[in-house]
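Novice: Quick one: structure below, then a few questions.
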Amino acid sequence: MADEIKFLTKCIHVGNDIDKETGAIRRPITMANSYRLPDDASTLNWSNPNNVIYTRTTSANQLYLQERLSALEGGEDCVVLASGVAALAGVFFTFLDKDSHVICSNVSYIAVYRLLNEYFPKKYGIEAT
């Protein structure tokens, strides 16, 4: 029991470094939708998920949350997405190959239905039942 408490305490306090700008002992919630770019933006890797550039790709808050959830779950890493459909699309694009077959409940969110029955069959040859 003592080891479990130590583990949970460590996980809960992951990322509670001192904020460099304010000196706060807890990471602040960052209210920003875009961030400063380097002087020469041509050197920037725009597809790096750890580059805090614009909140549609990632944000400081999202990175902090991912770090904490990963620690709590004992995972190597994690991804936090804006919606369930975004999460499902991520799973589908990760695990499905051309000509795959998916079995899905006939009671599902309309966006999932359309992904599986309209978009994927035409574009990727993925069939759904």
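Letters A, B, ... mark the chains of the structure tokens in the order given; residue numbers begin at 1 per chain; ligand numbers begin at 1, in order shown.
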Residues at most 10 Å from Asn51 in chain A, counting only C-alpha atoms, excluding those fewer than 5 positions away in the same chain, as a CSV table (one decimal) with C-alpha atoms, in the first residue's frame?
Specialist:
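Everything below was put into out13.csv:
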chain,number,residue,atom,x,y,z
A,35,TYR,CA,2.7,31.2,-29.8
A,37,LEU,CA,7.7,31.7,-33.8
A,44,LEU,CA,10.7,25.0,-37.9
A,45,ASN,CA,9.4,21.5,-38.1
A,46,TRP,CA,5.7,22.3,-38.5
A,57,THR,CA,-1.8,21.3,-33.4
A,58,THR,CA,-1.0,21.4,-29.6
A,59,SER,CA,-0.8,23.8,-26.7
A,60,ALA,CA,1.2,24.1,-23.5
A,63,LEU,CA,1.3,18.9,-23.4
Novice: Mind listing the strand (DSSP E) residues of chain A, per DSSP on the backbone, as a PyMOL selection string?
Specialist: chain A and resi 101-102+127-128
Novice: Using N, CA and C atoms, can you write the selected residues to a file as a JSON list (two decimals), in the first residue's frame?
Specialist:
[["chain", "number", "residue", "atom", "x", "y", "z"],
["A", 101, "HIS", "N", -11.38, -4.39, -43.09],
["A", 101, "HIS", "CA", -12.81, -4.52, -42.83],
["A", 101, "HIS", "C", -13.05, -4.20, -41.36],
["A", 102, "VAL", "N", -14.00, -3.30, -41.10],
["A", 102, "VAL", "CA", -14.31, -2.86, -39.74],
["A", 102, "VAL", "C", -15.72, -3.30, -39.39],
["A", 127, "GLU", "N", -13.94, -1.41, -45.85],
["A", 127, "GLU", "CA", -15.35, -1.74, -45.75],
["A", 127, "GLU", "C", -15.79, -1.77, -44.29],
["A", 128, "ALA", "N", -17.06, -1.49, -44.07],
["A", 128, "ALA", "CA", -17.61, -1.52, -42.72],
["A", 128, "ALA", "C", -18.89, -2.32, -42.69]]
Novice: Of the candidates A:Val112, A:Asn106, A:Gly23, A:Leu72, which shows the shortest atom-to-atom distance to Gly90 in chain A, using only C-alpha atoms?
Specialist: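 Closest to Gly90 in chain A of all the choices is A:Val112.
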Novice: Just want the 10 Å neighbourhood of Ala82 in chain A, counted on only C-alpha atoms, with same-chain residues fewer than 5 positions away dropped. Output as a compact mmCIF listing (two decimals) with all heavy atoms, in the first residue's frame.
Specialist:
# COMPACT_ATOMS: atom_id res chain seq x y z
N ARG A 56 -4.40 24.44 -32.61
CA ARG A 56 -5.00 23.36 -33.40
C ARG A 56 -4.06 22.16 -33.48
O ARG A 56 -4.51 21.04 -33.70
CB ARG A 56 -5.33 23.83 -34.81
CG ARG A 56 -6.59 24.62 -34.85
CD ARG A 56 -7.07 24.79 -36.26
NE ARG A 56 -8.22 25.65 -36.25
CZ ARG A 56 -8.54 26.46 -37.23
NH1 ARG A 56 -7.79 26.52 -38.30
NH2 ARG A 56 -9.61 27.21 -37.15
N GLN A 62 -2.20 21.26 -23.24
CA GLN A 62 -2.37 19.90 -23.75
C GLN A 62 -1.14 19.06 -23.45
O GLN A 62 -1.26 17.91 -23.03
CB GLN A 62 -2.63 19.95 -25.25
CG GLN A 62 -2.85 18.60 -25.87
CD GLN A 62 -3.15 18.69 -27.36
OE1 GLN A 62 -3.49 19.75 -27.88
NE2 GLN A 62 -3.01 17.58 -28.04
N ALA A 87 -10.34 11.34 -31.97
CA ALA A 87 -9.67 10.17 -31.39
C ALA A 87 -9.92 8.92 -32.24
O ALA A 87 -9.00 8.15 -32.51
CB ALA A 87 -10.16 9.95 -29.96
Novice: Which one of A:Asp40, A:Ile18, A:Ala89, A:Leu69 sits closest to Tyr113 in chain A if you count only C-alpha atoms?
Specialist: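 The shortest atom-to-atom distance to Tyr113 in chain A comes from A:Ala89.
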Novice: Using CA of Tyr54 in chain A and CA of Asn33 in chain A as the two end points, give the distance in Å to one decimal.
Specialist: 5.8 Å
Novice: Report the residues of range 3-127 of chain A whose backbone DSSP state falls under alpha helix (DSSP H), written as a PyMOL selection string.
Specialist: chain A and resi 3-12+60-73+84-95+110-114+120-124
Novice: Skipping near chain neighbours, those fewer than 5 positions away, what residues fall within 12 Å of range 114-123 of chain A using only C-alpha atoms, listed as a ChimeraX atom specification?
Specialist: /A:85-86,88-90,92-93,96-106,108-109,128-129
Novice: Could those selected residues go to a file with C-alpha atoms, as a PDB file, in the first residue's frame?
Specialist:
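Contents of part27.pdb, freshly written:
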ATOM      1  CA  VAL A  85     -14.307  11.671 -33.523  1.00  0.00           C
ATOM      2  CA  ALA A  86     -10.748  12.991 -33.699  1.00  0.00           C
ATOM      3  CA  LEU A  88     -11.476   7.553 -33.503  1.00  0.00           C
ATOM      4  CA  ALA A  89     -10.010   8.946 -36.722  1.00  0.00           C
ATOM      5  CA  GLY A  90      -6.559   8.730 -35.116  1.00  0.00           C
ATOM      6  CA  PHE A  92      -8.555   4.240 -37.564  1.00  0.00           C
ATOM      7  CA  PHE A  93      -5.684   5.863 -39.471  1.00  0.00           C
ATOM      8  CA  LEU A  96      -6.425   0.244 -40.547  1.00  0.00           C
ATOM      9  CA  ASP A  97      -4.783  -0.556 -43.858  1.00  0.00           C
ATOM     10  CA  LYS A  98      -6.137  -0.328 -47.375  1.00  0.00           C
ATOM     11  CA  ASP A  99      -8.861  -2.939 -47.908  1.00  0.00           C
ATOM     12  CA  SER A 100      -9.395  -3.522 -44.153  1.00  0.00           C
ATOM     13  CA  HIS A 101     -12.809  -4.516 -42.832  1.00  0.00           C
ATOM     14  CA  VAL A 102     -14.309  -2.857 -39.741  1.00  0.00           C
ATOM     15  CA  ILE A 103     -17.221  -4.133 -37.673  1.00  0.00           C
ATOM     16  CA  CYS A 104     -19.057  -1.333 -35.900  1.00  0.00           C
ATOM     17  CA  SER A 105     -22.280  -1.022 -33.955  1.00  0.00           C
ATOM     18  CA  ASN A 106     -25.233   0.200 -36.003  1.00  0.00           C
ATOM     19  CA  SER A 108     -22.958   5.170 -33.535  1.00  0.00           C
ATOM     20  CA  TYR A 109     -22.275   8.856 -33.845  1.00  0.00           C
ATOM     21  CA  ALA A 128     -17.612  -1.516 -42.718  1.00  0.00           C
ATOM     22  CA  THR A 129     -20.277  -3.845 -41.359  1.00  0.00           C
TER      23      THR A 129
END
